[in-house]
file target.csv (CSV, C-alpha atoms)
chain,number,residue,atom,x,y,z
A,7,MET,CA,-20.7,40.8,-29.4
A,8,THR,CA,-22.2,37.8,-31.2
A,9,GLU,CA,-21.3,34.4,-29.7
A,10,HIS,CA,-20.5,31.8,-32.3
A,11,ARG,CA,-21.9,28.4,-31.4
A,12,THR,CA,-20.9,25.2,-33.0
A,13,PRO,CA,-23.8,22.7,-33.1
A,14,SER,CA,-23.3,19.5,-31.2
A,15,PRO,CA,-24.5,16.1,-32.6
A,16,PRO,CA,-28.0,14.8,-31.5
A,17,ASP,CA,-28.4,13.2,-28.1
A,18,SER,CA,-28.4,9.6,-29.3
A,19,PHE,CA,-25.3,9.9,-31.3
A,20,ALA,CA,-23.1,12.1,-29.1
A,21,ALA,CA,-20.3,9.6,-28.9
A,22,GLY,CA,-17.6,9.9,-31.7
A,23,SER,CA,-13.9,9.2,-32.5
A,24,ASN,CA,-11.3,10.4,-34.8
A,25,SER,CA,-10.1,7.0,-35.9
A,26,GLN,CA,-11.3,5.4,-39.1
A,27,ARG,CA,-12.4,2.3,-37.3
A,28,ALA,CA,-14.5,4.3,-34.8
A,29,ARG,CA,-16.2,6.2,-37.7
A,30,LEU,CA,-17.0,2.9,-39.4
A,31,THR,CA,-18.5,1.6,-36.2
A,32,ARG,CA,-20.5,4.7,-35.8
A,33,ARG,CA,-21.9,4.5,-39.3
A,34,ARG,CA,-23.1,1.0,-38.6
A,35,MET,CA,-24.7,2.1,-35.4
A,36,LEU,CA,-26.5,4.9,-37.2
A,37,GLY,CA,-27.8,2.5,-39.7
A,38,ALA,CA,-29.2,0.2,-37.0
A,39,LEU,CA,-30.7,3.0,-35.0
A,40,ALA,CA,-32.4,4.5,-38.0
A,41,ALA,CA,-34.9,1.6,-37.8
A,42,VAL,CA,-35.6,2.3,-34.1
A,43,PRO,CA,-38.9,4.2,-33.3
A,44,VAL,CA,-38.3,7.8,-32.3
A,45,ALA,CA,-40.2,7.2,-29.1
A,46,LEU,CA,-37.2,5.4,-27.7
A,47,TYR,CA,-34.8,8.4,-28.1
A,48,GLY,CA,-36.9,11.5,-28.8
A,49,PRO,CA,-36.1,14.1,-31.4
A,50,ALA,CA,-32.6,15.6,-31.4
A,51,TYR,CA,-32.0,18.2,-28.8
A,52,ALA,CA,-29.9,21.1,-30.2
A,53,GLN,CA,-27.2,21.4,-27.6
A,54,ASP,CA,-25.0,24.5,-27.1
A,55,THR,CA,-23.2,26.3,-24.4
A,56,GLY,CA,-25.9,28.9,-23.9
A,57,PRO,CA,-28.9,28.7,-21.4
A,58,LEU,CA,-30.5,25.4,-21.0
A,59,ARG,CA,-34.1,26.0,-22.1
A,60,ILE,CA,-37.2,24.3,-20.5
A,61,ALA,CA,-40.8,25.1,-21.4
A,62,GLN,CA,-44.0,25.3,-19.4
A,63,SER,CA,-47.7,25.4,-20.5
A,64,THR,CA,-49.9,26.5,-17.6
A,65,ALA,CA,-52.9,28.6,-16.7
A,66,LEU,CA,-51.8,32.1,-16.1
A,67,SER,CA,-55.3,33.3,-16.8
A,68,GLY,CA,-58.8,31.8,-16.8
A,69,PRO,CA,-60.6,30.0,-13.9
A,70,LEU,CA,-57.4,28.5,-12.4
A,71,GLY,CA,-55.0,31.3,-13.4
A,72,GLU,CA,-54.0,32.0,-9.8
A,73,LEU,CA,-52.8,28.4,-9.3
A,74,GLY,CA,-50.6,28.6,-12.4
A,75,GLN,CA,-49.3,32.0,-11.5
A,76,ALA,CA,-48.2,30.9,-8.1
A,77,MET,CA,-46.5,27.8,-9.2
A,78,HIS,CA,-44.7,29.5,-12.1
A,79,GLN,CA,-43.5,32.3,-9.9
A,80,GLY,CA,-42.2,29.8,-7.3
A,81,ALA,CA,-40.2,28.0,-10.0
A,82,LYS,CA,-38.9,31.3,-11.4
A,83,ALA,CA,-37.7,32.4,-8.0
A,84,CYS,CA,-35.8,29.1,-7.6
A,85,PHE,CA,-34.2,29.3,-11.1
A,86,ALA,CA,-33.3,33.0,-10.6
A,87,GLY,CA,-31.4,32.1,-7.3
A,88,ILE,CA,-29.6,29.2,-9.0
A,89,ASN,CA,-28.6,31.4,-12.0
A,90,ALA,CA,-27.4,34.1,-9.7
A,91,LYS,CA,-24.9,31.6,-8.3
A,92,GLY,CA,-23.6,30.6,-11.7
A,93,GLY,CA,-26.3,28.2,-12.9
A,94,VAL,CA,-26.1,24.4,-12.9
A,95,ASN,CA,-22.6,23.2,-13.9
A,96,GLY,CA,-22.1,26.6,-15.4
A,97,ARG,CA,-25.3,26.6,-17.5
A,98,MET,CA,-28.1,29.1,-16.9
A,99,ILE,CA,-31.6,27.7,-16.8
A,100,GLU,CA,-34.1,29.6,-18.9
A,101,LEU,CA,-37.8,28.9,-18.2
A,102,THR,CA,-40.2,29.8,-21.1
A,103,VAL,CA,-43.9,29.9,-20.2
A,104,ALA,CA,-47.0,29.9,-22.4
A,105,ASP,CA,-50.5,30.6,-21.0
A,106,ASP,CA,-53.1,28.0,-21.9
A,107,GLY,CA,-55.9,29.5,-19.8
A,108,TYR,CA,-56.8,26.0,-18.5
A,109,ASP,CA,-57.9,25.1,-22.0
A,110,VAL,CA,-57.1,21.8,-23.6
A,111,LYS,CA,-56.8,23.0,-27.2
A,112,ARG,CA,-54.5,25.8,-26.3
A,113,ALA,CA,-52.3,23.5,-24.1
A,114,LEU,CA,-52.0,21.0,-26.9
A,115,GLY,CA,-50.9,23.8,-29.3
A,116,ASN,CA,-48.3,25.1,-26.8
A,117,VAL,CA,-46.8,21.7,-26.1
A,118,LYS,CA,-46.6,20.8,-29.8
A,119,GLY,CA,-44.7,24.1,-30.4
A,120,PHE,CA,-42.4,23.3,-27.5
A,121,ILE,CA,-41.7,19.8,-28.8
A,122,ASP,CA,-41.1,21.0,-32.4
A,123,ASP,CA,-38.6,23.6,-31.1
A,124,LYS,CA,-35.4,21.5,-30.8
A,125,SER,CA,-33.8,24.1,-28.6
A,126,ASN,CA,-36.1,23.0,-25.7
A,127,PHE,CA,-34.5,20.5,-23.4
A,128,ALA,CA,-37.6,19.5,-21.3
A,129,LEU,CA,-41.2,20.3,-20.5
A,130,PHE,CA,-41.6,21.5,-16.9
A,131,ASN,CA,-44.6,21.7,-14.5
A,132,CYS,CA,-47.4,21.8,-17.1
A,133,MET,CA,-50.7,22.1,-15.3
A,134,GLY,CA,-54.1,20.5,-15.2
A,135,THR,CA,-55.5,16.9,-15.4
A,136,PRO,CA,-57.5,17.5,-18.6
A,137,MET,CA,-54.6,19.2,-20.3
A,138,ILE,CA,-52.0,16.6,-19.2
A,139,GLU,CA,-54.3,13.7,-20.3
A,140,ALA,CA,-54.5,15.2,-23.8
A,141,MET,CA,-50.8,16.0,-24.2
A,142,LEU,CA,-49.4,12.8,-22.7
A,143,PRO,CA,-49.5,10.7,-25.9
A,144,GLN,CA,-47.4,13.2,-28.0
A,145,VAL,CA,-45.1,13.9,-25.0
A,146,VAL,CA,-44.4,10.2,-24.4
A,147,GLU,CA,-43.8,9.6,-28.1
A,148,SER,CA,-41.4,12.5,-28.3
A,149,GLY,CA,-39.1,11.2,-25.6
A,150,MET,CA,-38.8,14.7,-24.3
A,151,PRO,CA,-38.4,14.8,-20.5
A,152,PHE,CA,-41.8,15.7,-18.9
A,153,PHE,CA,-41.0,17.0,-15.4
A,154,ALA,CA,-43.4,17.5,-12.5
A,155,PRO,CA,-46.7,17.7,-14.4
A,156,PHE,CA,-49.2,19.4,-12.0
A,157,SER,CA,-51.9,16.8,-11.4
A,158,GLY,CA,-52.6,14.2,-8.7
A,159,ALA,CA,-54.7,12.1,-11.0
A,160,LEU,CA,-53.7,8.4,-11.5
A,161,SER,CA,-55.0,8.6,-15.0
A,162,VAL,CA,-52.1,10.8,-16.1
A,163,ARG,CA,-49.4,8.6,-14.4
A,164,PRO,CA,-48.6,6.0,-17.1
A,165,SER,CA,-46.5,3.0,-16.2
A,166,ASN,CA,-43.2,2.5,-18.1
A,167,ALA,CA,-42.9,6.0,-19.4
A,168,ARG,CA,-39.3,6.8,-18.7
A,169,ASN,CA,-39.5,10.4,-19.7
A,170,VAL,CA,-42.4,11.3,-17.3
A,171,PHE,CA,-41.6,12.3,-13.7
A,172,ASN,CA,-44.3,12.9,-11.2
A,173,ILE,CA,-43.4,14.5,-7.8
A,174,ARG,CA,-46.6,15.6,-6.0
A,175,ALA,CA,-48.6,13.1,-3.9
A,176,SER,CA,-51.6,11.8,-5.8
A,177,TYR,CA,-55.3,12.8,-5.3
A,178,ALA,CA,-55.8,9.3,-4.0
A,179,ASP,CA,-53.1,9.9,-1.3
A,180,GLU,CA,-54.9,13.2,-0.3
A,181,ALA,CA,-58.4,11.6,-0.4
A,182,GLU,CA,-57.2,8.7,1.8
A,183,GLN,CA,-55.8,11.2,4.4
A,184,LEU,CA,-59.0,13.1,4.5
A,185,VAL,CA,-61.3,10.1,4.7
A,186,GLN,CA,-59.1,8.4,7.3
A,187,HIS,CA,-59.2,11.5,9.5
A,188,LEU,CA,-63.0,11.7,9.3
A,189,ALA,CA,-63.3,8.0,10.1
A,190,THR,CA,-60.9,8.4,13.0
A,191,ILE,CA,-62.9,11.2,14.6
A,192,GLY,CA,-66.1,9.3,14.2
A,193,ILE,CA,-67.8,11.3,11.4
A,194,ARG,CA,-70.0,8.9,9.4
A,195,ARG,CA,-72.4,11.1,7.4
A,196,ILE,CA,-70.3,12.5,4.6
A,197,ALA,CA,-71.4,14.1,1.3
A,198,ILE,CA,-69.3,14.5,-1.8
A,199,VAL,CA,-69.2,17.3,-4.3
A,200,TYR,CA,-66.8,17.3,-7.3
A,201,GLN,CA,-66.0,19.1,-10.5
A,202,ASN,CA,-67.6,17.7,-13.6
A,203,ASN,CA,-64.3,17.2,-15.5
A,204,SER,CA,-61.6,14.6,-15.5
A,205,PHE,CA,-59.9,16.1,-12.4
A,206,GLY,CA,-63.1,16.0,-10.4
A,207,LYS,CA,-63.9,12.4,-11.5
A,208,GLU,CA,-60.5,11.3,-10.4
A,209,VAL,CA,-61.0,12.9,-7.0
A,210,PHE,CA,-64.4,11.3,-6.7
A,211,ASP,CA,-63.1,7.8,-7.6
A,212,ALA,CA,-60.3,8.1,-5.1
A,213,THR,CA,-62.7,9.3,-2.4
A,214,GLN,CA,-65.1,6.5,-3.1
A,215,ARG,CA,-62.3,3.9,-2.8
A,216,SER,CA,-61.2,5.4,0.6
A,217,MET,CA,-64.8,5.5,1.9
A,218,THR,CA,-65.4,1.9,0.9
A,219,LYS,CA,-62.2,0.9,2.7
A,220,HIS,CA,-63.4,2.7,5.9
A,221,LYS,CA,-67.0,1.4,5.5
A,222,LEU,CA,-68.5,4.8,4.9
A,223,GLU,CA,-71.4,5.7,2.5
A,224,ALA,CA,-72.1,9.1,1.0
A,225,THR,CA,-75.3,10.9,2.0
A,226,ALA,CA,-75.2,12.7,-1.4
A,227,ILE,CA,-73.0,12.8,-4.5
A,228,VAL,CA,-73.2,16.0,-6.6
A,229,THR,CA,-71.2,17.6,-9.4
A,230,VAL,CA,-70.5,21.2,-10.3
A,231,GLU,CA,-69.7,22.5,-13.8
A,232,ASN,CA,-66.4,24.2,-14.6
A,233,ASN,CA,-68.3,27.6,-15.0
A,234,SER,CA,-69.9,27.0,-11.5
A,235,SER,CA,-73.4,27.7,-13.0
A,236,ASP,CA,-74.9,25.0,-10.9
A,237,ALA,CA,-73.0,25.5,-7.7
A,238,ALA,CA,-76.0,26.9,-5.7
A,239,ALA,CA,-78.2,23.9,-6.8
A,240,ALA,CA,-75.4,21.5,-5.7
A,241,ALA,CA,-75.2,23.2,-2.3
A,242,THR,CA,-79.0,22.8,-1.8
A,243,LYS,CA,-78.8,19.1,-2.6
A,244,ILE,CA,-75.9,18.6,-0.3
A,245,ALA,CA,-77.5,20.5,2.5
A,246,GLY,CA,-80.7,18.5,2.1
A,247,SER,CA,-78.9,15.2,2.7
A,248,ASN,CA,-78.0,16.5,6.3
A,249,PRO,CA,-74.3,15.5,6.3
A,250,GLU,CA,-71.9,16.0,9.1
A,251,ALA,CA,-69.1,16.9,6.7
A,252,VAL,CA,-68.6,17.5,3.0
A,253,LEU,CA,-65.6,16.3,0.9
A,254,VAL,CA,-65.0,19.0,-1.7
A,255,GLY,CA,-63.3,18.0,-5.0
A,256,LEU,CA,-63.4,21.5,-6.6
A,257,ALA,CA,-60.9,24.1,-7.8
A,258,GLY,CA,-61.0,27.8,-8.7
A,259,LYS,CA,-64.4,29.5,-9.2
A,260,PRO,CA,-66.5,26.4,-8.5
A,261,THR,CA,-65.0,26.2,-5.1
A,262,ILE,CA,-65.8,29.8,-4.3
A,263,ASP,CA,-69.4,29.7,-5.4
A,264,PHE,CA,-70.1,26.3,-3.8
A,265,VAL,CA,-68.6,27.3,-0.5
A,266,LYS,CA,-70.5,30.6,-0.3
A,267,ALA,CA,-73.7,28.8,-1.2
A,268,ILE,CA,-73.3,26.0,1.3
A,269,ARG,CA,-72.3,28.4,4.1
A,270,ALA,CA,-75.5,30.4,3.4
A,271,GLN,CA,-77.5,27.2,4.1
A,272,ARG,CA,-75.4,25.4,6.7
A,273,LYS,CA,-73.1,27.9,8.4
A,274,GLY,CA,-71.1,25.5,10.6
A,275,LEU,CA,-70.9,22.5,8.3
A,276,SER,CA,-67.4,20.9,8.2
A,277,LEU,CA,-65.8,21.1,4.8
A,278,TYR,CA,-62.7,19.1,3.7
A,279,ALA,CA,-60.9,19.9,0.5
A,280,LEU,CA,-57.8,18.8,-1.5
A,281,SER,CA,-54.6,20.9,-2.0
A,282,ILE,CA,-55.7,22.3,-5.3
A,283,MET,CA,-58.4,24.4,-3.6
A,284,GLY,CA,-55.8,26.3,-1.6
A,285,ALA,CA,-54.8,29.2,-3.9
A,286,ALA,CA,-54.4,32.5,-2.1
A,287,ALA,CA,-56.9,34.2,-4.5
A,288,THR,CA,-59.5,31.5,-3.8
A,289,LEU,CA,-59.2,32.0,-0.1
A,290,LYS,CA,-59.4,35.8,-0.5
A,291,ALA,CA,-62.5,35.5,-2.7
A,292,MET,CA,-64.2,33.3,-0.1
A,293,GLY,CA,-63.5,35.7,2.7
A,294,GLU,CA,-64.8,34.6,6.1
A,295,ASP,CA,-66.6,31.7,4.5
A,296,ALA,CA,-63.2,29.9,4.1
A,297,THR,CA,-62.7,29.9,7.9
A,298,GLY,CA,-62.5,26.4,9.3
A,299,ILE,CA,-62.1,24.5,6.0
A,300,ALA,CA,-59.7,21.6,6.4
A,301,VAL,CA,-57.3,21.2,3.4
A,302,SER,CA,-54.8,18.4,2.6
A,303,GLN,CA,-51.5,19.7,1.5
A,304,VAL,CA,-48.7,18.0,-0.5
A,305,VAL,CA,-45.9,20.4,0.6
A,306,PRO,CA,-45.1,21.9,4.0
A,307,LEU,CA,-46.6,25.1,5.3
A,308,PRO,CA,-44.8,28.0,3.4
A,309,GLY,CA,-44.5,29.9,6.6
A,310,ASN,CA,-43.0,27.0,8.7
A,311,THR,CA,-39.4,28.2,8.9
A,312,VAL,CA,-38.4,25.2,11.0
A,313,VAL,CA,-38.2,23.4,7.7
A,314,PRO,CA,-34.9,24.2,6.0
A,315,MET,CA,-36.5,24.0,2.5
A,316,VAL,CA,-39.1,26.6,3.5
A,317,ARG,CA,-36.4,29.0,4.8
A,318,GLU,CA,-34.6,28.6,1.5
A,319,PHE,CA,-37.8,29.2,-0.4
A,320,GLN,CA,-38.6,32.4,1.6
A,321,GLN,CA,-35.2,33.8,0.9
A,322,ALA,CA,-35.5,33.2,-2.9
A,323,TRP,CA,-39.1,34.5,-2.9
A,324,LYS,CA,-37.9,37.8,-1.2
A,325,ALA,CA,-34.9,38.1,-3.5
A,326,ALA,CA,-37.0,37.7,-6.6
A,327,GLY,CA,-39.3,40.5,-5.5
A,328,VAL,CA,-42.5,38.6,-6.2
A,329,THR,CA,-45.6,40.6,-5.3
A,330,LEU,CA,-47.8,37.5,-4.7
A,331,GLU,CA,-48.1,36.1,-1.2
A,332,PRO,CA,-46.0,33.0,-0.7
A,333,SER,CA,-48.2,30.0,-0.8
A,334,HIS,CA,-48.3,26.2,-0.8
A,335,LEU,CA,-48.5,26.3,-4.6
A,336,ALA,CA,-45.6,28.7,-4.9
A,337,LEU,CA,-43.5,26.4,-2.7
A,338,GLU,CA,-44.5,23.4,-4.8
A,339,GLY,CA,-43.3,25.2,-7.9
A,340,TYR,CA,-40.0,26.0,-6.1
A,341,ILE,CA,-39.6,22.4,-5.0
A,342,ASN,CA,-40.2,21.1,-8.5
A,343,ALA,CA,-37.5,23.5,-9.8
A,344,ARG,CA,-35.0,22.4,-7.1
A,345,VAL,CA,-35.5,18.8,-7.9
A,346,PHE,CA,-35.1,19.5,-11.6
A,347,ALA,CA,-31.8,21.4,-10.9
A,348,GLU,CA,-30.4,18.5,-8.8
A,349,ALA,CA,-31.2,15.9,-11.5
A,350,LEU,CA,-29.6,18.3,-14.1
A,351,ARG,CA,-26.5,18.7,-11.9
A,352,ARG,CA,-26.0,15.0,-11.7
A,353,ALA,CA,-26.4,14.7,-15.5
A,354,GLY,CA,-23.0,16.4,-15.9
A,355,LYS,CA,-21.7,19.5,-17.7
A,356,ASN,CA,-23.0,18.6,-21.1
A,357,PRO,CA,-26.3,17.0,-20.3
A,358,THR,CA,-28.3,15.0,-22.9
A,359,ARG,CA,-31.9,14.2,-22.5
A,360,ALA,CA,-31.0,10.5,-22.0
A,361,GLY,CA,-28.4,11.4,-19.3
A,362,PHE,CA,-30.9,13.7,-17.5
A,363,ILE,CA,-33.6,11.0,-17.6
A,364,ASP,CA,-31.1,8.5,-16.1
A,365,SER,CA,-30.0,10.9,-13.4
A,366,THR,CA,-33.6,11.6,-12.4
A,367,TRP,CA,-34.4,8.0,-12.0
A,368,ALA,CA,-31.3,7.6,-9.9
A,369,LEU,CA,-32.6,10.1,-7.3
A,370,LYS,CA,-33.4,8.0,-4.3
A,371,ARG,CA,-34.3,9.3,-0.9
A,372,TYR,CA,-33.0,12.7,-1.8
A,373,ASP,CA,-33.7,15.2,1.0
A,374,LEU,CA,-34.1,18.8,0.0
A,375,GLY,CA,-34.2,19.9,3.6
A,376,GLY,CA,-37.4,18.5,5.2
A,377,PHE,CA,-38.9,17.3,1.9
A,378,GLU,CA,-37.8,14.0,0.5
A,379,VAL,CA,-38.2,12.6,-3.1
A,380,SER,CA,-37.5,9.2,-4.4
A,381,PHE,CA,-38.2,8.3,-8.0
A,382,SER,CA,-39.1,4.7,-8.6
A,383,ASP,CA,-41.8,4.3,-11.4
A,384,SER,CA,-43.5,6.7,-13.8
A,385,ALA,CA,-46.9,5.5,-12.5
A,386,HIS,CA,-46.0,6.7,-9.0
A,387,ASN,CA,-45.1,10.0,-7.3
A,388,ALA,CA,-41.7,10.7,-6.0
A,389,SER,CA,-43.1,12.3,-2.8
A,390,ARG,CA,-45.7,10.9,-0.4
A,391,PHE,CA,-45.9,14.0,1.7
A,392,VAL,CA,-49.5,14.8,2.8
A,393,GLU,CA,-50.5,16.8,5.8
A,394,LEU,CA,-53.8,18.4,7.0
A,395,THR,CA,-54.2,22.1,7.5
A,396,MET,CA,-57.0,24.4,8.4
A,397,VAL,CA,-58.0,27.9,7.2
A,398,SER,CA,-57.8,30.3,10.2
A,399,ARG,CA,-59.9,33.4,10.8
A,400,ASP,CA,-57.3,35.6,9.0
A,401,GLY,CA,-57.4,33.5,5.9
A,402,ARG,CA,-54.1,31.7,6.5
A,403,PHE,CA,-53.4,28.0,6.7
A,404,ILE,CA,-52.5,26.5,10.1
A,405,ARG,CA,-51.7,23.0,11.3

call {"tool": "encode", "arguments": {"input": "target.csv", "output": "structure tokens"}}
result
Amino acid sequence: MTEHRTPSPPDSFAAGSNSQRARLTRRRMLGALAAVPVALYGPAYAQDTGPLRIAQSTALSGPLGELGQAMHQGAKACFAGINAKGGVNGRMIELTVADDGYDVKRALGNVKGFIDDKSNFALFNCMGTPMIEAMLPQVVESGMPFFAPFSGALSVRPSNARNVFNIRASYADEAEQLVQHLATIGIRRIAIVYQNNSFGKEVFDATQRSMTKHKLEATAIVTVENNSSDAAAAATKIAGSNPEAVLVGLAGKPTIDFVKAIRAQRKGLSLYALSIMGAAATLKAMGEDATGIAVSQVVPLPGNTVVPMVREFQQAWKAAGVTLEPSHLALEGYINARVFAEALRRAGKNPTRAGFIDSTWALKRYDLGGFEVSFSDSAHNASRFVELTMVSRDGRFIR
């Protein structure tokens, strides 16, 4: 049977009246609003009573494909559980994903298509500092809600952008936790290796600020290209500076190749990395070389069932029949989806983009069950959660 859907008016003009006076007032409002830049309202969202569609551009393949896969599956598991219980205010949530392979050009094409398609309500959990930097101008101008972009970079956290909602703690928060820990335990000789892209530079800048704060100087500062072609050379330079510890600002293949190379030269050297390193496929590829690496995390341990949110995630993960191992990244995707669903619930039965944006900013000290979010400013993250973990001999994270 084909369902007949009557189109609703655009978001900005949803209010109406049957009286002649109200129609006249509305015409005057339309005339005034016609001169207002679209950035204040965004293109019309084609509302209906069918599934509420949100769209995601992420890396499902390429050098960071395992990160994107884990986060996407975590979000899917959450939305599947919500839809199985009747959706949000009776609306199902439909998550559309497009693979960008961690490539800026592909990501820009994906997002332009999502914005142009008026049936899409919001952009959700797009991934990667270089990609987000490139897409932000068109996203902010569109007015389309941009929910939980996956980057801890301060460079992609604009102030006064009401349609941008960051959740995860920043790379600066993670770097501060790592450097503070090293300073506390008395380690002074610290080397830094970082990826030669905007993500890596952001991590490096944050690390430098924290080291200056704690009166520490780097024994060596080295970059690694995205294709990891110079990872071995970087490891040799790092080892030659005779550090006590290395701060690793790498992700994906560069992490694997650098760690293997540095372990071959300095087996017991202490390595400290940020959360983006911690994909299950990365740990598996490093094998025993991963043992002992300390990693900052922006969500709780996915196996810590003492945390109510983690128990809920594990149940949804099992129900969804996902073949991937549950991970921090999968849990992060799940949490992002849960927060989105809560903001959507508060926006009411017939949500507009403007109403959703207002309801998200109104989320203050909202506890999901051991994980709290509080939205205050588009330049800041709603969560400040950061904890240190370590890779055990069996390749799992422990506290």

call {"tool": "residues_around", "arguments": {"input": "target.csv", "residues": "range 367-369 of chain A", "least_positions_apart": "4", "cutoff": "10 Å", "atoms": "only C-alpha atoms", "output": "number ranges by chain"}}
result
A: 168-169, 171, 345, 348-349, 352, 362-363, 373, 379-384, 388

call {"tool": "atom_distance", "arguments": {"input": "target.csv", "atom1": "CA of Asp109 in chain A", "atom2": "CA of Gly68 in chain A"}}
result
8.5 Å

call {"tool": "residues_around", "arguments": {"input": "target.csv", "residues": "range 152-154 of chain A", "least_positions_apart": "4", "cutoff": "8 Å", "atoms": "only C-alpha atoms", "output": "list of chain:residue names"}}
result
A:Ala128, A:Leu129, A:Phe130, A:Asn131, A:Cys132, A:Val145, A:Asn169, A:Val170, A:Phe171, A:Asn172, A:Ile173, A:Arg174, A:Asn342, A:Phe346

call {"tool": "atom_distance", "arguments": {"input": "target.csv", "atom1": "CA of Gly134 in chain A", "atom2": "CA of Ser157 in chain A"}}
result
5.7 Å

call {"tool": "residues_near_point", "arguments": {"input": "target.csv", "point": "(-56.0, 17.2, 0.9)", "cutoff": "6 Å", "atoms": "only C-alpha atoms", "output": "short mmCIF file (atom, residue, chain, number, x, y, z; two decimals) with C-alpha atoms, in the coordinates of the input"}}
result
data_model
loop_
_atom_site.label_atom_id
_atom_site.label_comp_id
_atom_site.auth_asym_id
_atom_site.auth_seq_id
_atom_site.Cartn_x
_atom_site.Cartn_y
_atom_site.Cartn_z
CA GLU A 180 -54.90 13.20 -0.30
CA ALA A 279 -60.90 19.90 0.50
CA LEU A 280 -57.80 18.80 -1.50
CA SER A 281 -54.60 20.90 -2.00
CA VAL A 301 -57.30 21.20 3.40
CA SER A 302 -54.80 18.40 2.60
CA GLN A 303 -51.50 19.70 1.50
#

call {"tool": "residues_near_point", "arguments": {"input": "target.csv", "point": "(-46.1, 32.2, -12.1)", "cutoff": "10 Å", "atoms": "only C-alpha atoms", "output": "list of chain:residue names"}}
result
A:Thr64, A:Ala65, A:Leu66, A:Gly71, A:Glu72, A:Leu73, A:Gly74, A:Gln75, A:Ala76, A:Met77, A:His78, A:Gln79, A:Gly80, A:Ala81, A:Lys82, A:Ala83, A:Val103, A:Val328, A:Leu330, A:Leu335, A:Ala336, A:Gly339
